[in-house]
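Engineer: Hey, dropping start_23.pdb in here, PDB, C-alpha atoms:
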```pdb
ATOM      1  CA  MET A1094      -9.109  38.328 -73.046  1.00  0.00           C
ATOM      2  CA  CYS A1095     -11.792  39.871 -70.855  1.00  0.00           C
ATOM      3  CA  GLN A1096     -14.187  36.990 -71.526  1.00  0.00           C
ATOM      4  CA  HIS A1097     -11.494  34.460 -70.663  1.00  0.00           C
ATOM      5  CA  HIS A1098     -10.650  36.343 -67.468  1.00  0.00           C
ATOM      6  CA  GLY A1099     -14.367  36.333 -66.540  1.00  0.00           C
ATOM      7  CA  CYS A1100     -14.504  32.557 -67.011  1.00  0.00           C
ATOM      8  CA  LEU A1101     -11.428  32.116 -64.883  1.00  0.00           C
ATOM      9  CA  SER A1102     -12.942  34.225 -62.089  1.00  0.00           C
ATOM     10  CA  ARG A1103     -16.186  32.247 -62.268  1.00  0.00           C
ATOM     11  CA  ARG A1104     -14.229  28.977 -62.195  1.00  0.00           C
ATOM     12  CA  ARG A1105     -12.287  30.135 -59.103  1.00  0.00           C
ATOM     13  CA  PHE A1106     -15.545  31.143 -57.444  1.00  0.00           C
ATOM     14  CA  LEU A1107     -17.126  27.750 -58.137  1.00  0.00           C
ATOM     15  CA  ILE A1108     -14.059  25.885 -56.858  1.00  0.00           C
ATOM     16  CA  ALA A1109     -13.986  28.007 -53.684  1.00  0.00           C
ATOM     17  CA  ALA A1110     -17.719  27.547 -53.125  1.00  0.00           C
ATOM     18  CA  GLY A1111     -17.384  23.791 -53.578  1.00  0.00           C
ATOM     19  CA  ALA A1112     -14.494  23.640 -51.129  1.00  0.00           C
ATOM     20  CA  ALA A1113     -16.468  25.647 -48.575  1.00  0.00           C
ATOM     21  CA  GLY A1114     -19.380  23.248 -48.953  1.00  0.00           C
ATOM     22  CA  LEU A1115     -17.094  20.266 -48.411  1.00  0.00           C
ATOM     23  CA  LEU A1116     -15.608  21.819 -45.271  1.00  0.00           C
ATOM     24  CA  ALA A1117     -19.061  22.509 -43.898  1.00  0.00           C
ATOM     25  CA  ALA A1118     -20.166  18.945 -44.611  1.00  0.00           C
ATOM     26  CA  CYS A1119     -17.016  17.481 -43.060  1.00  0.00           C
ATOM     27  CA  GLY A1120     -17.416  19.571 -39.947  1.00  0.00           C
ATOM     28  CA  SER A1121     -21.015  18.628 -39.197  1.00  0.00           C
ATOM     29  CA  GLY A1122     -20.202  15.288 -37.614  1.00  0.00           C
ATOM     30  CA  ASP A1123     -17.153  16.190 -35.546  1.00  0.00           C
ATOM     31  CA  GLY A1124     -17.807  19.516 -33.966  1.00  0.00           C
ATOM     32  CA  GLY A1125     -18.939  21.561 -36.937  1.00  0.00           C
ATOM     33  CA  ALA A1126     -21.849  23.926 -36.754  1.00  0.00           C
ATOM     34  CA  GLY A1127     -24.320  21.041 -36.569  1.00  0.00           C
ATOM     35  CA  GLY A1128     -22.350  18.830 -34.161  1.00  0.00           C
ATOM     36  CA  THR A1129     -21.735  18.877 -30.455  1.00  0.00           C
ATOM     37  CA  VAL A1130     -18.191  19.481 -29.332  1.00  0.00           C
ATOM     38  CA  VAL A1131     -17.203  18.037 -25.974  1.00  0.00           C
ATOM     39  CA  PRO A1132     -14.010  18.851 -24.094  1.00  0.00           C
ATOM     40  CA  LEU A1133     -11.227  16.283 -24.168  1.00  0.00           C
ATOM     41  CA  GLU A1134      -8.869  15.496 -21.308  1.00  0.00           C
ATOM     42  CA  ILE A1135      -5.172  16.327 -21.198  1.00  0.00           C
ATOM     43  CA  GLU A1136      -3.000  13.254 -21.593  1.00  0.00           C
ATOM     44  CA  ARG A1137       0.647  12.909 -20.590  1.00  0.00           C
ATOM     45  CA  GLY A1138       1.816  13.635 -24.143  1.00  0.00           C
ATOM     46  CA  THR A1139      -0.597  16.516 -24.874  1.00  0.00           C
ATOM     47  CA  SER A1140       1.479  19.444 -26.110  1.00  0.00           C
ATOM     48  CA  CYS A1141       0.932  23.119 -26.838  1.00  0.00           C
ATOM     49  CA  ALA A1142       0.138  23.988 -30.467  1.00  0.00           C
ATOM     50  CA  LEU A1143       2.463  27.020 -30.366  1.00  0.00           C
ATOM     51  CA  ASP A1144       5.609  25.793 -28.666  1.00  0.00           C
ATOM     52  CA  GLY A1145       5.336  22.040 -28.065  1.00  0.00           C
ATOM     53  CA  MET A1146       5.454  22.343 -24.268  1.00  0.00           C
ATOM     54  CA  LEU A1147       3.807  19.418 -22.460  1.00  0.00           C
ATOM     55  CA  LEU A1148       0.685  20.790 -20.777  1.00  0.00           C
ATOM     56  CA  ALA A1149       0.856  18.415 -17.797  1.00  0.00           C
ATOM     57  CA  ASP A1150       4.266  19.804 -16.786  1.00  0.00           C
ATOM     58  CA  TYR A1151       3.131  23.370 -16.066  1.00  0.00           C
ATOM     59  CA  PRO A1152       0.816  25.256 -13.685  1.00  0.00           C
ATOM     60  CA  GLY A1153      -2.163  27.454 -14.480  1.00  0.00           C
ATOM     61  CA  PRO A1154      -5.215  27.198 -16.721  1.00  0.00           C
ATOM     62  CA  LYS A1155      -5.018  25.250 -19.986  1.00  0.00           C
ATOM     63  CA  VAL A1156      -7.068  25.647 -23.161  1.00  0.00           C
ATOM     64  CA  GLN A1157      -8.425  23.512 -25.975  1.00  0.00           C
ATOM     65  CA  MET A1158      -9.666  25.211 -29.163  1.00  0.00           C
ATOM     66  CA  HIS A1159     -11.770  23.134 -31.559  1.00  0.00           C
ATOM     67  CA  TYR A1160     -12.107  23.927 -35.273  1.00  0.00           C
ATOM     68  CA  SER A1161     -14.675  22.955 -37.881  1.00  0.00           C
ATOM     69  CA  GLY A1162     -13.597  19.941 -39.891  1.00  0.00           C
ATOM     70  CA  LEU A1163     -10.831  18.864 -37.490  1.00  0.00           C
ATOM     71  CA  ALA A1164     -11.213  16.002 -35.034  1.00  0.00           C
ATOM     72  CA  GLN A1165      -8.455  17.160 -32.651  1.00  0.00           C
ATOM     73  CA  PRO A1166      -8.279  20.587 -31.008  1.00  0.00           C
ATOM     74  CA  ASP A1167      -5.307  22.870 -30.691  1.00  0.00           C
ATOM     75  CA  TRP A1168      -4.079  22.815 -27.094  1.00  0.00           C
ATOM     76  CA  PHE A1169      -2.571  25.805 -25.326  1.00  0.00           C
ATOM     77  CA  CYS A1170      -0.584  25.756 -22.090  1.00  0.00           C
ATOM     78  CA  ASP A1171      -1.871  29.217 -21.218  1.00  0.00           C
ATOM     79  CA  THR A1172      -4.973  31.379 -21.705  1.00  0.00           C
ATOM     80  CA  ILE A1173      -2.867  34.276 -23.027  1.00  0.00           C
ATOM     81  CA  GLU A1174      -1.757  32.083 -25.948  1.00  0.00           C
ATOM     82  CA  MET A1175      -5.369  31.179 -26.714  1.00  0.00           C
ATOM     83  CA  PHE A1176      -6.493  34.807 -26.744  1.00  0.00           C
ATOM     84  CA  ASN A1177      -3.494  35.771 -28.889  1.00  0.00           C
ATOM     85  CA  VAL A1178      -4.402  33.157 -31.509  1.00  0.00           C
ATOM     86  CA  TYR A1179      -8.162  33.770 -31.332  1.00  0.00           C
ATOM     87  CA  LEU A1180      -7.867  37.563 -31.633  1.00  0.00           C
ATOM     88  CA  ASN A1181      -5.226  37.388 -34.387  1.00  0.00           C
ATOM     89  CA  PRO A1182      -6.610  38.901 -37.619  1.00  0.00           C
ATOM     90  CA  GLU A1183      -4.993  36.058 -39.607  1.00  0.00           C
ATOM     91  CA  GLN A1184      -7.043  33.449 -37.704  1.00  0.00           C
ATOM     92  CA  ALA A1185      -9.176  32.106 -40.559  1.00  0.00           C
ATOM     93  CA  ARG A1186     -10.272  28.705 -39.241  1.00  0.00           C
ATOM     94  CA  LEU A1187     -13.840  28.415 -37.959  1.00  0.00           C
ATOM     95  CA  VAL A1188     -13.666  27.948 -34.188  1.00  0.00           C
ATOM     96  CA  THR A1189     -16.487  25.672 -33.038  1.00  0.00           C
ATOM     97  CA  ALA A1190     -15.661  25.573 -29.321  1.00  0.00           C
ATOM     98  CA  ILE A1191     -13.090  26.816 -26.830  1.00  0.00           C
ATOM     99  CA  TYR A1192     -12.713  25.314 -23.382  1.00  0.00           C
ATOM    100  CA  VAL A1193     -10.714  26.653 -20.446  1.00  0.00           C
ATOM    101  CA  GLN A1194     -10.390  25.280 -16.945  1.00  0.00           C
ATOM    102  CA  ASP A1195     -12.399  26.595 -14.006  1.00  0.00           C
ATOM    103  CA  MET A1196      -9.553  27.479 -11.672  1.00  0.00           C
ATOM    104  CA  ALA A1197     -11.916  27.676  -8.691  1.00  0.00           C
ATOM    105  CA  ARG A1198     -12.138  23.872  -8.967  1.00  0.00           C
ATOM    106  CA  ALA A1199      -8.857  22.872 -10.592  1.00  0.00           C
ATOM    107  CA  ASP A1200      -5.546  22.572  -8.738  1.00  0.00           C
ATOM    108  CA  TRP A1201      -3.426  25.538  -9.917  1.00  0.00           C
ATOM    109  CA  ASN A1202      -0.170  23.574  -9.944  1.00  0.00           C
ATOM    110  CA  HIS A1203      -1.603  20.441 -11.605  1.00  0.00           C
ATOM    111  CA  PRO A1204      -4.870  21.427 -13.307  1.00  0.00           C
ATOM    112  CA  GLU A1205      -6.979  18.575 -14.669  1.00  0.00           C
ATOM    113  CA  GLY A1206     -10.529  18.532 -16.006  1.00  0.00           C
ATOM    114  CA  ASN A1207     -13.033  21.165 -14.876  1.00  0.00           C
ATOM    115  CA  TRP A1208     -13.586  22.374 -18.466  1.00  0.00           C
ATOM    116  CA  ILE A1209     -15.904  25.309 -19.087  1.00  0.00           C
ATOM    117  CA  ASP A1210     -16.917  27.316 -22.169  1.00  0.00           C
ATOM    118  CA  ALA A1211     -14.224  29.966 -22.639  1.00  0.00           C
ATOM    119  CA  ARG A1212     -16.651  32.471 -24.144  1.00  0.00           C
ATOM    120  CA  SER A1213     -18.829  32.526 -21.027  1.00  0.00           C
ATOM    121  CA  ALA A1214     -15.944  32.433 -18.523  1.00  0.00           C
ATOM    122  CA  TRP A1215     -14.648  35.223 -16.297  1.00  0.00           C
ATOM    123  CA  TYR A1216     -10.924  36.060 -16.488  1.00  0.00           C
ATOM    124  CA  VAL A1217      -8.538  37.682 -14.041  1.00  0.00           C
ATOM    125  CA  PHE A1218      -5.711  39.533 -15.825  1.00  0.00           C
ATOM    126  CA  GLY A1219      -2.676  40.854 -13.974  1.00  0.00           C
ATOM    127  CA  SER A1220      -2.699  38.656 -10.866  1.00  0.00           C
ATOM    128  CA  LYS A1221       0.426  37.538  -8.995  1.00  0.00           C
ATOM    129  CA  ARG A1222      -0.248  33.877  -9.929  1.00  0.00           C
ATOM    130  CA  LEU A1223       1.891  32.622 -12.809  1.00  0.00           C
ATOM    131  CA  GLY A1224       0.967  30.118 -15.492  1.00  0.00           C
ATOM    132  CA  ALA A1225       3.044  28.100 -17.928  1.00  0.00           C
ATOM    133  CA  MET A1226       4.274  31.185 -19.772  1.00  0.00           C
ATOM    134  CA  GLY A1227       4.512  33.571 -16.807  1.00  0.00           C
ATOM    135  CA  PRO A1228       1.706  36.104 -16.311  1.00  0.00           C
ATOM    136  CA  THR A1229      -1.611  34.548 -17.265  1.00  0.00           C
ATOM    137  CA  ALA A1230      -5.343  35.176 -17.193  1.00  0.00           C
ATOM    138  CA  ALA A1231      -6.988  32.891 -14.646  1.00  0.00           C
ATOM    139  CA  SER A1232     -10.312  31.506 -15.891  1.00  0.00           C
ATOM    140  CA  PHE A1233     -13.464  30.966 -13.825  1.00  0.00           C
ATOM    141  CA  ALA A1234     -17.028  29.772 -14.386  1.00  0.00           C
ATOM    142  CA  ALA A1235     -18.493  32.155 -11.809  1.00  0.00           C
ATOM    143  CA  GLU A1236     -17.950  35.880 -11.423  1.00  0.00           C
ATOM    144  CA  ALA A1237     -17.840  35.540  -7.613  1.00  0.00           C
ATOM    145  CA  ASP A1238     -14.907  33.099  -7.878  1.00  0.00           C
ATOM    146  CA  ALA A1239     -13.047  35.441 -10.245  1.00  0.00           C
ATOM    147  CA  ARG A1240     -13.584  38.398  -7.909  1.00  0.00           C
ATOM    148  CA  ALA A1241     -12.442  36.374  -4.862  1.00  0.00           C
ATOM    149  CA  PHE A1242      -9.292  35.317  -6.759  1.00  0.00           C
ATOM    150  CA  ALA A1243      -8.607  38.954  -7.758  1.00  0.00           C
ATOM    151  CA  ALA A1244      -9.097  40.100  -4.157  1.00  0.00           C
ATOM    152  CA  GLU A1245      -6.509  37.534  -2.964  1.00  0.00           C
ATOM    153  CA  HIS A1246      -3.984  37.638  -5.838  1.00  0.00           C
ATOM    154  CA  GLY A1247      -4.639  41.005  -7.511  1.00  0.00           C
ATOM    155  CA  GLY A1248      -5.741  41.640 -11.068  1.00  0.00           C
ATOM    156  CA  GLN A1249      -8.687  42.864 -13.093  1.00  0.00           C
ATOM    157  CA  VAL A1250     -11.821  40.803 -13.788  1.00  0.00           C
ATOM    158  CA  LEU A1251     -12.903  40.730 -17.448  1.00  0.00           C
ATOM    159  CA  ARG A1252     -15.325  38.858 -19.675  1.00  0.00           C
ATOM    160  CA  PHE A1253     -14.135  37.061 -22.847  1.00  0.00           C
ATOM    161  CA  ASP A1254     -15.398  39.845 -25.142  1.00  0.00           C
ATOM    162  CA  GLU A1255     -13.609  42.521 -23.098  1.00  0.00           C
ATOM    163  CA  VAL A1256     -10.163  41.071 -23.838  1.00  0.00           C
ATOM    164  CA  LYS A1257      -8.332  43.027 -26.565  1.00  0.00           C
ATOM    165  CA  SER A1258      -5.388  41.899 -28.695  1.00  0.00           C
ATOM    166  CA  ASP A1259      -2.966  44.395 -27.107  1.00  0.00           C
ATOM    167  CA  MET A1260      -3.565  42.665 -23.744  1.00  0.00           C
ATOM    168  CA  VAL A1261      -2.304  39.272 -24.984  1.00  0.00           C
ATOM    169  CA  ILE A1262       0.979  39.955 -26.765  1.00  0.00           C
ATOM    170  CA  LEU A1263       3.305  36.954 -26.663  1.00  0.00           C
ATOM    171  CA  ASP A1264       6.575  38.741 -25.998  1.00  0.00           C
ATOM    172  CA  GLY A1265       7.641  36.578 -23.070  1.00  0.00           C
ATOM    173  CA  GLY A1266       7.990  39.712 -21.000  1.00  0.00           C
ATOM    174  CA  ALA A1267      11.224  40.648 -22.814  1.00  0.00           C
ATOM    175  CA  LEU A1268       9.962  44.137 -23.651  1.00  0.00           C
ATOM    176  CA  HIS A1269       9.219  44.783 -19.991  1.00  0.00           C
ATOM    177  CA  ASP A1270      12.383  43.292 -18.492  1.00  0.00           C
ATOM    178  CA  GLN A1271      14.536  46.206 -17.383  1.00  0.00           C
ATOM    179  CA  SER A1272      17.557  43.975 -16.660  1.00  0.00           C
ATOM    180  CA  MET A1273      18.116  43.034 -20.312  1.00  0.00           C
TER     181      MET A1273
END
```
Give the structure from this file in C-alpha cells form.
Structural biologist:
Amino acid sequence: MCQHHGCLSRRRFLIAAGAAGLLAACGSGDGGAGGTVVPLEIERGTSCALDGMLLADYPGPKVQMHYSGLAQPDWFCDTIEMFNVYLNPEQARLVTAIYVQDMARADWNHPEGNWIDARSAWYVFGSKRLGAMGPTAASFAAEADARAFAAEHGGQVLRFDEVKSDMVILDGGALHDQSM
C-alpha cells in the first residue's frame, strides 16, 4: 500500500509539474514572464470582472489586471476592487501586469486612456471624490499630483505596497451606514 501511495504521489507531482510547464509556455507569448504586456483600451461593452458593471458608465479610475496564460485582462470599475482581488490570499493566478489610470490626466467623470503601471503609482485613499463603487483610491503617476489631489479633496497618499487588505474591504459601505 505504501509503495502504491508513493507512486500515486509521484504521478501527481509529475502531472502538476507538466501543467505548470505548459502554463509557463503558454504565457510567454501573450504577457507571460517573457512577454510584454501593453494596456488595452476600454470599449463600450467592457465590463467589471466582479459585478458586470459597464466601465464606461461610471466615474473614477479603472483597472485592468493581466494574468499569465490569458489573452484578456480582468477589468475593474474601481481601484478598491483591484486591491481587494490582488491582496486576497486565494488569488492564485500569476499577475503579469496591472494598469490603472493617471487621474491627473484623465477626466474623472469619463476616464479614458492614460494607463500607468499600478505597482509604481501613487494612491489617495479617503478623499471626497467618489468612483464607481463609492469611496475609491485615486491613482496617479506622480507623487506631486497625488499630494495636490489630497490637498484639494482630502485623503492619505500611499504607495501600492502600503495598501493592506483591511483597507479594501468590499462591503459597499453597509457596515458603516448608520441609517440601516
Engineer: Would you kindly return, as a list in words, each protein, DNA or RNA residue with an atom no farther than 12 Å from any atom of A:Ala1239, considering only C-alpha atoms and excluding same-chain residues fewer than 3 positions away?
Structural biologist: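 That gives Asp1195, Met1196, Ala1197, Arg1198, Ala1214, Trp1215, Tyr1216, Val1217, Phe1218, Ser1220, Ala1230, Ala1231, Ser1232, Phe1233, Ala1234, Ala1235, Glu1236, Phe1242, Ala1243, Ala1244, Glu1245, His1246, Gly1247, Gly1248, Gln1249, Val1250, Leu1251 and Arg1252 of chain A.
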Engineer: Output C-alpha atoms for every residue in the selection just made, as a JSON list (two decimals), in the frame of the given file.
Structural biologist:
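Result written to again.json:
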```json
[["chain", "number", "residue", "atom", "x", "y", "z"],
["A", 1195, "ASP", "CA", -12.40, 26.60, -14.01],
["A", 1196, "MET", "CA", -9.55, 27.48, -11.67],
["A", 1197, "ALA", "CA", -11.92, 27.68, -8.69],
["A", 1198, "ARG", "CA", -12.14, 23.87, -8.97],
["A", 1214, "ALA", "CA", -15.94, 32.43, -18.52],
["A", 1215, "TRP", "CA", -14.65, 35.22, -16.30],
["A", 1216, "TYR", "CA", -10.92, 36.06, -16.49],
["A", 1217, "VAL", "CA", -8.54, 37.68, -14.04],
["A", 1218, "PHE", "CA", -5.71, 39.53, -15.82],
["A", 1220, "SER", "CA", -2.70, 38.66, -10.87],
["A", 1230, "ALA", "CA", -5.34, 35.18, -17.19],
["A", 1231, "ALA", "CA", -6.99, 32.89, -14.65],
["A", 1232, "SER", "CA", -10.31, 31.51, -15.89],
["A", 1233, "PHE", "CA", -13.46, 30.97, -13.82],
["A", 1234, "ALA", "CA", -17.03, 29.77, -14.39],
["A", 1235, "ALA", "CA", -18.49, 32.16, -11.81],
["A", 1236, "GLU", "CA", -17.95, 35.88, -11.42],
["A", 1242, "PHE", "CA", -9.29, 35.32, -6.76],
["A", 1243, "ALA", "CA", -8.61, 38.95, -7.76],
["A", 1244, "ALA", "CA", -9.10, 40.10, -4.16],
["A", 1245, "GLU", "CA", -6.51, 37.53, -2.96],
["A", 1246, "HIS", "CA", -3.98, 37.64, -5.84],
["A", 1247, "GLY", "CA", -4.64, 41.00, -7.51],
["A", 1248, "GLY", "CA", -5.74, 41.64, -11.07],
["A", 1249, "GLN", "CA", -8.69, 42.86, -13.09],
["A", 1250, "VAL", "CA", -11.82, 40.80, -13.79],
["A", 1251, "LEU", "CA", -12.90, 40.73, -17.45],
["A", 1252, "ARG", "CA", -15.32, 38.86, -19.68]]
```
Engineer: Just so the selection is clear, what residues does the PyMOL selection byres ((chain A and resi 1260) around 10) cover here, as a PyMOL selection string?
Structural biologist: chain A and resi 1173+1176-1177+1218-1219+1256-1259+1261-1263
Engineer: Could you name the residues that touch A:Gln1165 at 9 Å or less, counting all atoms listed in the file, but leaving out those on the same chain fewer than 6 positions away, as a PDB file with C-alpha atoms, keeping the file's coordinate frame?
Structural biologist:
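What landed in result_30.pdb:
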```
ATOM      1  CA  LEU A1133     -11.227  16.283 -24.168  1.00  0.00           C
ATOM      2  CA  MET A1158      -9.666  25.211 -29.163  1.00  0.00           C
ATOM      3  CA  HIS A1159     -11.770  23.134 -31.559  1.00  0.00           C
TER       4      HIS A1159
END
```
Engineer: Please indicate the distance in Å from atom CA of A:Thr1172 to atom CA of A:Pro1152, rounded to one decimal place.
Structural biologist: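 Interatomic distance here is 11.6 Å.
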Engineer: Taking the file as shown, what set of residues would the PyMOL selection byres ((chain A and resi 1154) around 10) give back, as a count of residues only?
Structural biologist: 31
Engineer: For A:Pro1228, which of A:Glu1174, A:Trp1168, A:Ile1191, A:Asp1210 is the closest residue, counting all atoms listed in the file?
Structural biologist: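 Among A:Glu1174, A:Trp1168, A:Ile1191, A:Asp1210, it is A:Glu1174 that comes nearest to A:Pro1228.
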Engineer: Nearest to A:Asn1207: which of A:Leu1147, A:Ile1135, A:Met1226, A:Val1130 is it, counting all atoms listed in the file?
Structural biologist: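 Nearest candidate to A:Asn1207 out of A:Leu1147, A:Ile1135, A:Met1226, A:Val1130: A:Ile1135.
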Engineer: One number please: atom CA of A:Arg1240 to atom CA of A:Gly1206, in Å, one decimal.
Structural biologist: 21.7 Å
Engineer: Between atom CA of A:Gln1157 and atom CA of A:Ala1190, what is the distance in Å, rounded to a tenth?
Structural biologist: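 Those two atoms sit 8.2 Å apart.
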Engineer: Enclose the full set of atoms of stretch 1234-1237 of chain A listed in the file within a box whose edges lie along x, y and z, apply 5 Å of padding to each of the six sides, and report centre and edge lengths in Å to one decimal as lines of an AutoDock Vina configuration file.
Structural biologist:
```
center_x = -17.8
center_y = 32.8
center_z = -11.0
size_x = 11.5
size_y = 16.1
size_z = 16.8
```
